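Content type mmCIF, C-alpha atoms, from the file protein09.cif:
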data_input
#
loop_
_atom_site.label_atom_id
_atom_site.label_comp_id
_atom_site.auth_asym_id
_atom_site.auth_seq_id
_atom_site.Cartn_x
_atom_site.Cartn_y
_atom_site.Cartn_z
CA MET A 1 26.19 35.55 -49.57
CA LYS A 2 23.89 32.73 -48.49
CA ARG A 3 24.61 29.03 -48.74
CA VAL A 4 21.72 26.61 -48.55
CA ILE A 5 21.82 22.82 -48.58
CA ILE A 6 18.61 20.91 -49.25
CA SER A 7 18.72 17.28 -48.30
CA GLY A 8 16.11 14.60 -48.84
CA GLU A 9 15.16 11.51 -50.79
CA GLY A 10 14.19 11.07 -54.39
CA GLY A 11 10.50 11.97 -54.70
CA GLN A 12 10.43 14.50 -51.85
CA GLY A 13 10.95 17.49 -54.10
CA VAL A 14 14.56 18.46 -53.39
CA ARG A 15 15.09 19.23 -57.04
CA VAL A 16 11.85 21.20 -57.38
CA ILE A 17 12.51 23.25 -54.25
CA SER A 18 16.11 24.04 -55.13
CA HIS A 19 15.42 24.77 -58.77
CA ALA A 20 12.50 27.04 -57.93
CA LEU A 21 14.54 28.93 -55.33
CA ALA A 22 17.52 29.22 -57.67
CA ILE A 23 15.47 30.60 -60.56
CA LEU A 24 13.65 32.91 -58.16
CA MET A 25 17.02 34.28 -57.02
CA MET A 26 18.32 34.55 -60.55
CA ASN A 27 15.22 36.49 -61.60
CA LEU A 28 16.00 38.89 -58.77
CA ASP A 29 19.44 39.40 -60.32
CA TYR A 30 21.44 37.48 -57.77
CA HIS A 31 24.40 35.39 -58.86
CA VAL A 32 23.35 31.80 -58.25
CA SER A 33 25.11 28.45 -58.19
CA LEU A 34 23.10 25.22 -57.91
CA LEU A 35 24.78 21.84 -57.70
CA TYR A 36 22.65 18.71 -57.65
CA ASP A 37 23.71 15.41 -56.24
CA TYR A 38 21.32 12.52 -56.60
CA ASP A 39 21.41 9.00 -57.84
CA SER A 40 19.70 7.60 -60.90
CA SER A 41 17.14 5.90 -58.63
CA VAL A 42 14.06 8.08 -58.93
CA ARG A 43 12.49 7.23 -55.58
CA GLY A 44 14.01 6.66 -52.20
CA ALA A 45 17.68 7.38 -52.87
CA MET A 46 19.59 10.29 -51.36
CA SER A 47 19.00 13.63 -53.05
CA LEU A 48 20.96 16.78 -52.36
CA ALA A 49 21.12 20.29 -53.70
CA TYR A 50 23.80 22.87 -52.89
CA LEU A 51 22.54 26.38 -53.56
CA THR A 52 24.66 29.51 -53.24
CA PHE A 53 23.53 33.01 -54.08
CA ASN A 54 25.26 36.31 -53.77
CA ASP A 55 25.22 39.92 -54.95
CA ASN A 56 28.67 39.32 -56.42
CA PRO A 57 29.94 36.55 -58.69
CA ILE A 58 30.38 33.24 -56.89
CA ASP A 59 33.91 31.87 -56.69
CA ASN A 60 33.02 28.19 -56.44
CA PRO A 61 29.96 26.00 -55.94
CA VAL A 62 31.27 24.05 -52.94
CA ILE A 63 29.46 24.57 -49.61
CA GLU A 64 31.30 23.44 -46.51
CA ASP A 65 29.48 25.46 -43.86
CA ALA A 66 25.92 26.23 -44.88
CA ASP A 67 23.85 29.08 -43.55
CA ILE A 68 20.71 26.96 -43.79
CA LEU A 69 20.23 23.23 -44.07
CA LEU A 70 16.76 22.03 -45.03
CA LYS A 71 16.51 18.40 -44.09
CA LEU A 72 13.57 16.40 -45.38
CA SER A 73 15.14 13.02 -44.78
CA ASP A 74 18.12 11.60 -42.92
CA LYS A 75 19.54 9.73 -45.91
CA ALA A 76 22.49 12.12 -46.11
CA THR A 77 24.45 13.20 -43.05
CA GLY A 78 27.57 15.08 -42.08
CA PHE A 79 26.62 18.65 -42.96
CA SER A 80 27.53 21.70 -40.98
CA ALA A 81 24.98 24.52 -40.91
CA GLU A 82 24.24 27.58 -38.85
CA LYS A 83 20.51 26.86 -38.93
CA ILE A 84 18.85 23.53 -39.55
CA VAL A 85 15.22 23.28 -40.57
CA CYS A 86 13.90 19.77 -40.72
CA GLU A 87 10.93 17.52 -41.04
CA THR A 88 9.73 16.45 -37.62
CA GLY A 89 12.07 14.12 -35.83
CA LEU A 90 15.15 14.71 -37.95
CA CYS A 91 16.83 17.45 -35.91
CA THR A 92 16.43 19.48 -32.76
CA ASP A 93 16.91 22.96 -34.23
CA GLU A 94 13.70 23.88 -36.05
CA GLU A 95 11.29 21.06 -36.65
CA VAL A 96 8.32 21.58 -38.93
CA ALA A 97 5.79 18.91 -39.75
CA PHE A 98 5.95 19.76 -43.45
CA GLY A 99 4.33 16.54 -44.64
CA HIS A 100 1.59 16.67 -42.03
CA LEU A 101 0.83 20.31 -42.84
CA GLY A 102 0.63 19.44 -46.52
CA TRP A 103 -1.82 16.67 -45.79
CA GLU A 104 -3.82 18.80 -43.35
CA LYS A 105 -4.15 21.87 -45.57
CA PHE A 106 -4.05 20.47 -49.09
CA GLY A 107 -4.97 16.82 -48.71
CA ASN A 108 -1.55 15.46 -49.72
CA GLU A 109 1.71 15.41 -47.82
CA ILE A 110 3.69 16.10 -51.00
CA PHE A 111 2.62 19.75 -50.65
CA GLY A 112 4.98 19.74 -47.69
CA ASN A 113 7.80 20.47 -50.12
CA MET A 114 6.19 23.73 -51.19
CA ILE A 115 5.61 24.61 -47.55
CA ALA A 116 9.32 23.97 -47.00
CA LEU A 117 10.11 26.23 -49.97
CA GLY A 118 8.02 28.96 -48.37
CA ARG A 119 9.92 28.55 -45.11
CA LEU A 120 13.23 28.80 -46.98
CA ILE A 121 12.09 31.93 -48.80
CA ARG A 122 11.30 33.46 -45.41
CA LEU A 123 14.65 32.41 -43.93
CA VAL A 124 16.66 33.90 -46.79
CA ASP A 125 14.79 37.19 -46.36
CA LEU A 126 13.03 37.30 -49.69
CA ASP A 127 9.74 39.07 -50.24
CA LEU A 128 7.09 36.71 -51.48
CA SER A 129 5.60 37.58 -54.85
CA ASP A 130 2.94 35.39 -56.45
CA LYS A 131 3.91 36.76 -59.85
CA GLU A 132 7.54 35.67 -59.42
CA LEU A 133 6.51 32.35 -57.89
CA ALA A 134 4.22 31.58 -60.82
CA LYS A 135 7.24 31.87 -63.12
CA VAL A 136 9.25 29.24 -61.29
CA LEU A 137 6.77 26.65 -60.03
CA PRO A 138 5.61 23.66 -62.08
CA LEU A 139 2.43 24.24 -64.09
CA LYS A 140 0.66 21.28 -62.50
CA TYR A 141 -1.13 22.34 -59.28
CA ARG A 142 0.40 25.79 -59.59
CA GLU A 143 -2.35 27.54 -57.62
CA GLU A 144 -2.21 25.03 -54.79
CA ASN A 145 1.58 25.17 -54.80
CA ILE A 146 1.57 28.96 -54.47
CA LYS A 147 -0.86 28.67 -51.56
CA ALA A 148 1.39 26.06 -49.96
CA VAL A 149 4.42 28.33 -50.33
CA HIS A 150 2.42 31.02 -48.52
CA VAL A 151 1.68 28.59 -45.71
CA GLY A 152 5.40 27.95 -45.30
CA TYR A 153 6.27 31.62 -45.57
CA ASP A 154 3.73 32.56 -42.91
CA LEU A 155 4.55 29.81 -40.42
CA LYS A 156 4.15 31.14 -36.91
CA GLN A 157 5.89 30.20 -33.71
CA GLU A 158 2.97 27.98 -32.75
CA ASP A 159 3.41 26.05 -36.03
CA LEU A 160 7.10 25.63 -35.27
CA ASP A 161 6.30 24.55 -31.71
CA ARG A 162 3.84 22.06 -33.13
CA GLY A 163 6.71 20.33 -34.89
CA ARG A 164 8.51 19.90 -31.60
CA LEU A 165 5.32 18.79 -29.83
CA SER A 166 4.58 16.17 -32.44
CA ARG A 167 8.15 14.93 -32.02
CA ARG A 168 7.59 14.57 -28.28
CA LYS A 169 4.28 12.80 -28.91
CA HIS A 170 5.98 10.59 -31.42
CA ILE A 171 8.72 9.71 -28.93
CA SER A 172 6.34 9.16 -26.02
CA SER A 173 3.97 7.02 -28.13
CA SER A 174 6.96 4.99 -29.32
CA ASN A 175 8.04 4.53 -25.72
CA GLU A 176 4.53 3.45 -24.75
CA GLU A 177 4.47 0.97 -27.60
CA ASP A 178 7.84 -0.35 -26.53
CA SER A 179 6.79 -0.76 -22.91
CA SER A 180 3.41 -2.33 -23.81
CA SER A 181 5.12 -4.76 -26.18
CA LYS A 182 7.52 -5.70 -23.38
CA ASN A 183 4.77 -6.23 -20.78
CA PRO A 184 3.47 -9.59 -21.97
CA ALA A 185 6.94 -11.01 -21.96
CA GLU A 186 7.58 -9.68 -18.47
CA MET B 1 21.67 40.37 -68.41
CA PHE B 2 23.43 37.08 -69.08
CA LYS B 3 20.22 35.15 -68.60
CA ASP B 4 18.74 36.94 -71.60
CA LEU B 5 21.25 35.00 -73.70
CA LEU B 6 19.94 31.64 -72.46
CA LYS B 7 16.81 29.71 -73.38
CA LEU B 8 15.58 29.43 -69.81
CA GLU B 9 12.37 27.78 -70.98
CA ARG B 10 14.49 24.72 -71.74
CA PHE B 11 15.75 24.49 -68.17
CA PRO B 12 16.41 22.29 -66.25
CA THR B 13 19.08 21.19 -68.66
CA THR B 14 19.47 17.70 -70.02
CA TRP B 15 22.76 17.13 -68.18
CA CYS B 16 23.13 14.68 -65.29
CA PRO B 17 22.84 15.93 -61.72
CA GLY B 18 26.22 17.28 -60.65
CA CYS B 19 27.52 17.79 -64.19
CA GLY B 20 29.97 20.66 -64.64
CA LEU B 21 28.61 21.79 -67.98
CA GLY B 22 25.98 24.11 -66.55
CA MET B 23 28.73 26.04 -64.79
CA ILE B 24 30.67 26.43 -68.03
CA MET B 25 27.55 27.54 -69.88
CA THR B 26 26.69 30.10 -67.22
CA GLN B 27 30.18 31.60 -67.13
CA LEU B 28 30.24 31.79 -70.93
CA ALA B 29 26.92 33.63 -70.87
CA LYS B 30 28.24 36.03 -68.22
CA VAL B 31 31.35 36.84 -70.24
CA MET B 32 29.30 37.30 -73.39
CA ASP B 33 27.08 39.71 -71.52
CA GLU B 34 30.09 41.69 -70.29
CA LEU B 35 31.53 41.87 -73.81
CA HIS B 36 28.15 42.75 -75.38
CA LEU B 37 28.07 39.61 -77.48
CA ASP B 38 24.67 38.42 -78.66
CA HIS B 39 22.83 36.95 -81.63
CA THR B 40 23.78 39.90 -83.82
CA ASN B 41 27.52 39.37 -83.62
CA THR B 42 28.25 35.89 -82.27
CA THR B 43 27.70 32.27 -83.17
CA ILE B 44 28.35 29.06 -81.24
CA ILE B 45 29.41 25.85 -82.92
CA SER B 46 29.17 22.63 -80.98
CA GLY B 47 30.12 19.04 -81.54
CA ILE B 48 28.74 15.68 -80.54
CA GLY B 49 28.63 14.68 -76.90
CA CYS B 50 27.20 16.16 -73.73
CA THR B 51 29.07 19.44 -74.26
CA GLY B 52 27.52 19.76 -77.70
CA ARG B 53 24.22 20.59 -76.02
CA ILE B 54 25.57 23.95 -74.84
CA ALA B 55 24.88 25.66 -78.17
CA GLY B 56 21.22 24.67 -77.98
CA TYR B 57 20.71 26.58 -74.75
CA PHE B 58 21.90 29.91 -76.20
CA LYS B 59 19.67 32.31 -78.09
CA LEU B 60 22.11 32.45 -80.96
CA ASP B 61 22.42 30.98 -84.40
CA GLY B 62 24.75 28.03 -84.24
CA VAL B 63 25.61 24.71 -85.79
CA HIS B 64 25.49 21.35 -84.05
CA THR B 65 28.00 19.66 -86.27
CA LEU B 66 29.03 16.11 -87.07
CA HIS B 67 31.30 14.39 -84.59
CA GLY B 68 34.74 16.02 -84.57
CA ARG B 69 33.90 18.63 -87.20
CA THR B 70 33.34 21.68 -85.06
CA LEU B 71 36.60 23.34 -86.03
CA PRO B 72 36.34 23.18 -89.83
CA VAL B 73 32.75 24.44 -89.61
CA ALA B 74 33.78 27.24 -87.23
CA GLU B 75 36.73 28.14 -89.42
CA ALA B 76 34.56 28.26 -92.53
CA ILE B 77 32.09 30.56 -90.80
CA LYS B 78 34.93 32.83 -89.71
CA PHE B 79 36.28 33.01 -93.26
CA VAL B 80 32.89 33.82 -94.75
CA ARG B 81 31.70 36.14 -91.96
CA PRO B 82 34.89 37.54 -90.39
CA GLU B 83 32.92 40.10 -88.41
CA LEU B 84 31.28 37.34 -86.33
CA ASN B 85 32.71 36.17 -83.03
CA VAL B 86 32.93 32.42 -83.41
CA ILE B 87 32.88 30.22 -80.31
CA VAL B 88 33.33 26.47 -80.30
CA ALA B 89 32.01 24.48 -77.33
CA SER B 90 32.83 20.83 -77.30
CA GLY B 91 34.33 18.00 -75.33
CA ASP B 92 37.80 16.54 -75.19
CA GLY B 93 36.74 13.46 -77.14
CA ASP B 94 35.21 15.47 -79.97
CA LEU B 95 38.03 18.03 -80.18
CA ALA B 96 41.13 15.99 -79.45
CA SER B 97 40.30 12.56 -80.83
CA ILE B 98 38.08 12.45 -83.88
CA GLY B 99 38.65 16.18 -84.42
CA GLY B 100 42.29 16.11 -83.35
CA ASN B 101 43.73 16.68 -86.78
CA HIS B 102 41.56 19.76 -87.30
CA LEU B 103 42.71 21.08 -83.93
CA ILE B 104 46.38 20.99 -84.91
CA HIS B 105 45.81 22.82 -88.16
CA VAL B 106 43.39 25.44 -86.89
CA ALA B 107 45.94 26.19 -84.17
CA ARG B 108 48.68 26.35 -86.80
CA ARG B 109 46.65 28.73 -88.97
CA ASN B 110 45.82 30.82 -85.89
CA THR B 111 42.24 31.38 -87.03
CA ASN B 112 40.47 33.89 -84.82
CA ILE B 113 38.07 31.59 -83.02
CA THR B 114 37.68 30.64 -79.35
CA VAL B 115 37.40 27.01 -78.27
CA LEU B 116 35.96 25.93 -74.92
CA CYS B 117 36.92 22.33 -74.28
CA ASN B 118 35.12 20.49 -71.49
CA ASP B 119 37.81 18.04 -70.44
CA ASN B 120 36.23 15.28 -68.34
CA ASP B 121 38.78 12.58 -69.23
CA VAL B 122 36.25 10.24 -70.88
CA TYR B 123 33.56 9.86 -73.51
CA GLY B 124 30.83 10.70 -71.03
CA LEU B 125 27.69 10.57 -73.17
CA THR B 126 28.33 7.05 -74.41
CA GLY B 127 29.08 5.54 -71.01
CA GLY B 128 32.53 6.62 -69.92
CA GLN B 129 34.92 5.01 -72.39
CA ALA B 130 38.59 6.00 -72.40
CA GLY B 131 39.30 9.02 -74.58
CA PRO B 132 42.30 11.00 -75.73
CA THR B 133 42.73 12.77 -72.39
CA THR B 134 42.22 9.78 -70.08
CA PRO B 135 45.17 9.58 -67.68
CA VAL B 136 47.24 6.44 -67.85
CA GLY B 137 46.01 3.76 -65.45
CA THR B 138 42.47 5.11 -65.25
CA ILE B 139 39.75 2.50 -65.10
CA THR B 140 36.99 3.28 -67.56
CA SER B 141 34.19 1.24 -69.09
CA SER B 142 36.45 0.38 -72.04
CA THR B 143 39.66 -0.06 -70.01
CA PRO B 144 38.71 -2.18 -67.00
CA GLY B 145 42.38 -2.96 -66.43
CA GLY B 146 43.34 0.71 -66.56
CA CYS B 147 44.11 2.92 -69.57
CA LYS B 148 47.45 1.89 -71.05
CA TYR B 149 48.23 5.06 -72.98
CA GLU B 150 49.50 8.46 -72.00
CA PRO B 151 46.92 11.21 -72.58
CA ILE B 152 47.34 13.67 -75.40
CA ASP B 153 49.16 16.87 -74.43
CA LEU B 154 46.67 19.55 -75.41
CA GLN B 155 48.89 22.38 -74.26
CA ASN B 156 51.72 21.47 -76.61
CA LEU B 157 49.29 20.71 -79.39
CA ILE B 158 47.96 24.26 -79.20
CA LYS B 159 51.51 25.64 -79.07
CA VAL B 160 52.18 24.26 -82.53
CA GLY B 161 51.68 27.72 -84.06
CA THR B 162 53.96 30.74 -83.82
CA GLN B 163 51.20 32.49 -81.89
CA TYR B 164 48.97 30.83 -79.35
CA HIS B 165 46.64 31.46 -76.44
CA TYR B 166 46.06 28.51 -74.14
CA ALA B 167 44.19 28.59 -70.85
CA LYS B 168 43.76 25.80 -68.34
CA THR B 169 41.15 25.98 -65.60
CA THR B 170 38.50 23.93 -63.79
CA VAL B 171 34.83 24.30 -63.05
CA TYR B 172 35.63 24.66 -59.36
CA HIS B 173 37.56 27.88 -60.04
CA GLN B 174 34.61 29.88 -61.30
CA ALA B 175 36.26 33.32 -61.24
CA HIS B 176 39.32 31.94 -63.01
CA LEU B 177 37.12 30.17 -65.53
CA ARG B 178 35.41 33.47 -66.27
CA LYS B 179 38.78 35.19 -66.65
CA CYS B 180 40.02 32.49 -69.02
CA ILE B 181 36.92 32.75 -71.20
CA ARG B 182 37.05 36.56 -71.23
CA GLU B 183 40.72 36.77 -72.18
CA SER B 184 40.31 34.10 -74.81
CA MET B 185 37.37 35.93 -76.35
CA LEU B 186 39.41 39.13 -76.50
CA TRP B 187 42.45 37.41 -78.03
CA GLN B 188 42.89 38.18 -81.73
CA GLY B 189 43.73 34.71 -82.97
CA PHE B 190 43.10 31.12 -82.05
CA SER B 191 42.43 30.61 -78.35
CA PHE B 192 41.78 27.42 -76.47
CA VAL B 193 40.32 27.05 -72.97
CA ASN B 194 40.88 23.63 -71.49
CA ILE B 195 38.31 23.26 -68.69
CA THR B 196 38.55 20.29 -66.38
CA GLY B 197 34.99 19.38 -65.47
CA GLN B 198 33.44 16.54 -63.57
CA CYS B 199 31.51 13.69 -65.14
CA ILE B 200 30.29 12.07 -61.96
CA GLU B 201 27.97 9.52 -63.55
CA ASN B 202 30.30 7.98 -66.10
CA ASN B 203 33.72 8.66 -64.69
CA GLY B 204 33.78 9.93 -61.13
CA LYS B 205 31.85 7.11 -59.52
CA ARG B 206 34.08 4.56 -61.21
CA LEU B 207 37.08 6.38 -59.75
CA GLY B 208 35.62 6.21 -56.25
CA PHE B 209 34.07 9.66 -55.90
CA LYS B 210 30.69 9.53 -54.22
CA SER B 211 29.40 12.78 -55.63
CA ALA B 212 30.11 15.72 -57.90
CA TYR B 213 30.71 17.69 -54.72
CA GLU B 214 33.64 15.41 -53.87
CA MET B 215 35.07 15.86 -57.35
CA LEU B 216 34.90 19.64 -57.01
CA VAL B 217 36.68 19.46 -53.67
CA HIS B 218 39.29 17.25 -55.36
CA TYR B 219 39.82 19.95 -58.02
CA ARG B 220 40.20 22.55 -55.31
CA ASN B 221 42.82 20.47 -53.52
CA THR B 222 44.64 19.37 -56.66
CA TYR B 223 44.85 22.38 -58.96
CA LYS B 224 46.98 25.40 -58.10
CA LYS B 225 47.51 28.65 -59.94
CA ALA B 226 50.64 28.76 -62.09
CA PRO B 227 53.22 31.43 -61.25
CA ASP B 228 52.79 34.76 -63.04
CA GLY B 229 54.62 34.85 -66.35
CA ALA B 230 54.81 31.06 -66.70
CA GLU B 231 55.45 29.99 -70.27
CA THR B 232 54.32 26.44 -69.69
CA LEU B 233 51.68 25.10 -67.33
CA GLY B 234 52.78 22.19 -65.21
CA ASP B 235 50.65 19.25 -64.22
CA ASN B 236 47.74 20.38 -62.05
CA GLU B 237 48.43 24.06 -62.71
CA ILE B 238 45.79 26.45 -63.91
CA GLY B 239 46.62 29.63 -65.76
CA ILE B 240 46.90 31.32 -69.12
CA ILE B 241 49.89 31.17 -71.45
CA ARG B 242 50.18 33.05 -74.69
CA ARG B 243 52.60 34.16 -77.36
CA GLU B 244 51.84 37.14 -79.60
#
Turn this file's structure into structure tokens for me.
Amino acid sequence: MKRVIISGEGGQGVRVISHALAILMMNLDYHVSLLYDYDSSVRGAMSLAYLTFNDNPIDNPVIEDADILLKLSDKATGFSAEKIVCETGLCTDEEVAFGHLGWEKFGNEIFGNMIALGRLIRLVDLDLSDKELAKVLPLKYREENIKAVHVGYDLKQEDLDRGRLSRRKHISSSNEEDSSSKNPAE
Amino acid sequence: MFKDLLKLERFPTTWCPGCGLGMIMTQLAKVMDELHLDHTNTTIISGIGCTGRIAGYFKLDGVHTLHGRTLPVAEAIKFVRPELNVIVASGDGDLASIGGNHLIHVARRNTNITVLCNDNDVYGLTGGQAGPTTPVGTITSSTPGGCKYEPIDLQNLIKVGTQYHYAKTTVYHQAHLRKCIRESMLWQGFSFVNITGQCIENNGKRLGFKSAYEMLVHYRNTYKKAPDGAETLGDNEIGIIRRE
């Protein structure tokens, strides 16, 4: 059994990622439970999805200790997970610059959510099939989305290291800004 | 496969995020698959309200009836086509309030139909007004000072007949929910499954729950299995009681 929590904000694709992964699992004959938790605010509010899948029927949809937590935003906190995958700067486990990769490879950071889906598919040990993906992804930008999922699925160590490096850069540039802004006053 | 019974092209469903109805629908589809029930031998009748949408997601002939009239329609179908398995899926408001009188008499006549009642304590679709199962003291959109009336006792209502089959469960207890639906479907007579399910948007948040997740944890902590052989289910007990 695998338990996955996907955490983000409205507009980041938590629902699309979790729904696609859930249907993908169901089409592979797993038992799947998907519980959404998001507010009626469409953009900016906390958005969560609890996804459980198993070879056997699932007893309940509650996830207390997740196997994987995908964190696209820090709006929601307090989860316990064996492995945390996050957008740069949100954790210290596995940081991936999903948004930046989306912008770099497809011209829009929103493709970061499909890259994150690809990473999740890799982490739950699923084989990637374009045919199965095409069944579960939204019609709009389907080809680009499938390519983005492949990017996430094929992330290499250097890509993962890049997330950490950009965090360090981000921290050091913030520190520089802080010190330069203090200088005039000093 | 159970998913062959569902109109997946209509997914995601119309229900609010965190709603318990999807879990009921899925477990019903799984039981139907196990019992080889499909469009050739089964029909689903649904009422008005969020739960009434369940019938529309199944690849079966069904009737989306007037408010409160699921049971007479289901009973009529059973009389005319006794070979059909007739399932009613509706909410506590539809079944126990406007349809309450039908419920008593269908139970009394012991007509061979199965009722799945999504019991979320309120009229969820219309904004969370107090309904027949709202616990006394509960703040709802129509009872800002707390509901003054005791809720209807569905268990004893179903036990009005000489034979009965009553199951109580929650959406948290998925395996038990499946068992309740399966045994009710196999029961030769009237069977009623009372399923406590969360309505986070129009009930839970008013009660102080932050999310559907919290409501499910509350069900886990609150509801316990009734002792084997119990003839009556106590408050916060889940189980199946029957008399042949």
List the residues matched by the PyMOL selection byres ((chain A) within 8 of (chain B)) in the displayed structure as a tab-separated table (two decimals) with C-alpha atoms, keeping the file's coordinate frame, ordered by chain and then by residue number.
chain	number	residue	atom	x	y	z
A	19	HIS	CA	15.42	24.77	-58.77
A	33	SER	CA	25.11	28.45	-58.19
A	35	LEU	CA	24.78	21.84	-57.70
A	36	TYR	CA	22.65	18.71	-57.65
A	37	ASP	CA	23.71	15.41	-56.24
A	38	TYR	CA	21.32	12.52	-56.60
A	57	PRO	CA	29.94	36.55	-58.69
A	58	ILE	CA	30.38	33.24	-56.89
A	59	ASP	CA	33.91	31.87	-56.69
A	60	ASN	CA	33.02	28.19	-56.44
A	61	PRO	CA	29.96	26.00	-55.94
A	62	VAL	CA	31.27	24.05	-52.94
Answer key for the PyMOL selection byres ((chain A and resi 114) around 10), residues as an mmCIF file with C-alpha atoms, in the coordinates of the input:
data_model
loop_
_atom_site.group_PDB
_atom_site.id
_atom_site.type_symbol
_atom_site.label_atom_id
_atom_site.label_comp_id
_atom_site.auth_asym_id
_atom_site.auth_seq_id
_atom_site.Cartn_x
_atom_site.Cartn_y
_atom_site.Cartn_z
ATOM 1 C CA GLY A 13 10.950 17.490 -54.100
ATOM 2 C CA VAL A 16 11.850 21.200 -57.380
ATOM 3 C CA ILE A 17 12.510 23.250 -54.250
ATOM 4 C CA ALA A 20 12.500 27.040 -57.930
ATOM 5 C CA PHE A 98 5.950 19.760 -43.450
ATOM 6 C CA GLY A 99 4.330 16.540 -44.640
ATOM 7 C CA GLY A 102 0.630 19.440 -46.520
ATOM 8 C CA ILE A 110 3.690 16.100 -51.000
ATOM 9 C CA PHE A 111 2.620 19.750 -50.650
ATOM 10 C CA GLY A 112 4.980 19.740 -47.690
ATOM 11 C CA ASN A 113 7.800 20.470 -50.120
ATOM 12 C CA ILE A 115 5.610 24.610 -47.550
ATOM 13 C CA ALA A 116 9.320 23.970 -47.000
ATOM 14 C CA LEU A 117 10.110 26.230 -49.970
ATOM 15 C CA GLY A 118 8.020 28.960 -48.370
ATOM 16 C CA ARG A 119 9.920 28.550 -45.110
ATOM 17 C CA LEU A 120 13.230 28.800 -46.980
ATOM 18 C CA LEU A 137 6.770 26.650 -60.030
ATOM 19 C CA GLU A 144 -2.210 25.030 -54.790
ATOM 20 C CA ASN A 145 1.580 25.170 -54.800
ATOM 21 C CA ILE A 146 1.570 28.960 -54.470
ATOM 22 C CA LYS A 147 -0.860 28.670 -51.560
ATOM 23 C CA ALA A 148 1.390 26.060 -49.960
ATOM 24 C CA VAL A 149 4.420 28.330 -50.330
ATOM 25 C CA HIS A 150 2.420 31.020 -48.520
ATOM 26 C CA VAL A 151 1.680 28.590 -45.710
ATOM 27 C CA GLY A 152 5.400 27.950 -45.300
ATOM 28 C CA TYR A 153 6.270 31.620 -45.570
#
Residue neighbourhood His31 of chain A, 8 Å, only C-alpha atoms, exclusion window fewer than 3 positions, as number ranges by chain: A: 25-26, 53-58
Close residues, Gln129 of chain B itself excluded, 10 Å, only C-alpha atoms, min 4 positions apart in chain, as a short mmCIF file (atom, residue, chain, number, x, y, z; two decimals) with C-alpha atoms, keeping the file's coordinate frame:
data_model
loop_
_atom_site.label_atom_id
_atom_site.label_comp_id
_atom_site.auth_asym_id
_atom_site.auth_seq_id
_atom_site.Cartn_x
_atom_site.Cartn_y
_atom_site.Cartn_z
CA GLY B 93 36.74 13.46 -77.14
CA ASP B 121 38.78 12.58 -69.23
CA VAL B 122 36.25 10.24 -70.88
CA TYR B 123 33.56 9.86 -73.51
CA GLY B 124 30.83 10.70 -71.03
CA LEU B 125 27.69 10.57 -73.17
CA THR B 134 42.22 9.78 -70.08
CA ILE B 139 39.75 2.50 -65.10
CA THR B 140 36.99 3.28 -67.56
CA SER B 141 34.19 1.24 -69.09
CA SER B 142 36.45 0.38 -72.04
CA THR B 143 39.66 -0.06 -70.01
CA PRO B 144 38.71 -2.18 -67.00
CA CYS B 147 44.11 2.92 -69.57
CA ASN B 202 30.30 7.98 -66.10
CA ASN B 203 33.72 8.66 -64.69
#
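Atom CA of Gly91 of chain B is positioned 9.4 Å from atom CA of Ile195 of chain B.
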Evaluate the PyMOL selection byres ((chain A and resi 63) around 10) and report residues as a PyMOL selection string: (chain A and resi 2-5+35+50-52+60-62+64-67+79-81) or (chain B and resi 213+217)
Neighbours of point (35.0, 31.5, -80.2) within 6 Å, using only C-alpha atoms, written as a PyMOL selection string: chain B and resi 85-88+113-115
Spatial neighbours of Glu183 of chain B, max dist 10 Å, only C-alpha atoms, sep filter under 5 positions, as a list in words: Val31, Thr114, His165, Ala167, Arg178, Gln188, Ser191, Val193 and Ile240 of chain B
Best match for closeness to Gly131 of chain B among B:His105, B:Thr170, B:Ile98, B:Lys205, counting only C-alpha atoms: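 Nearest candidate to Gly131 of chain B out of B:His105, B:Thr170, B:Ile98, B:Lys205: B:Ile98.
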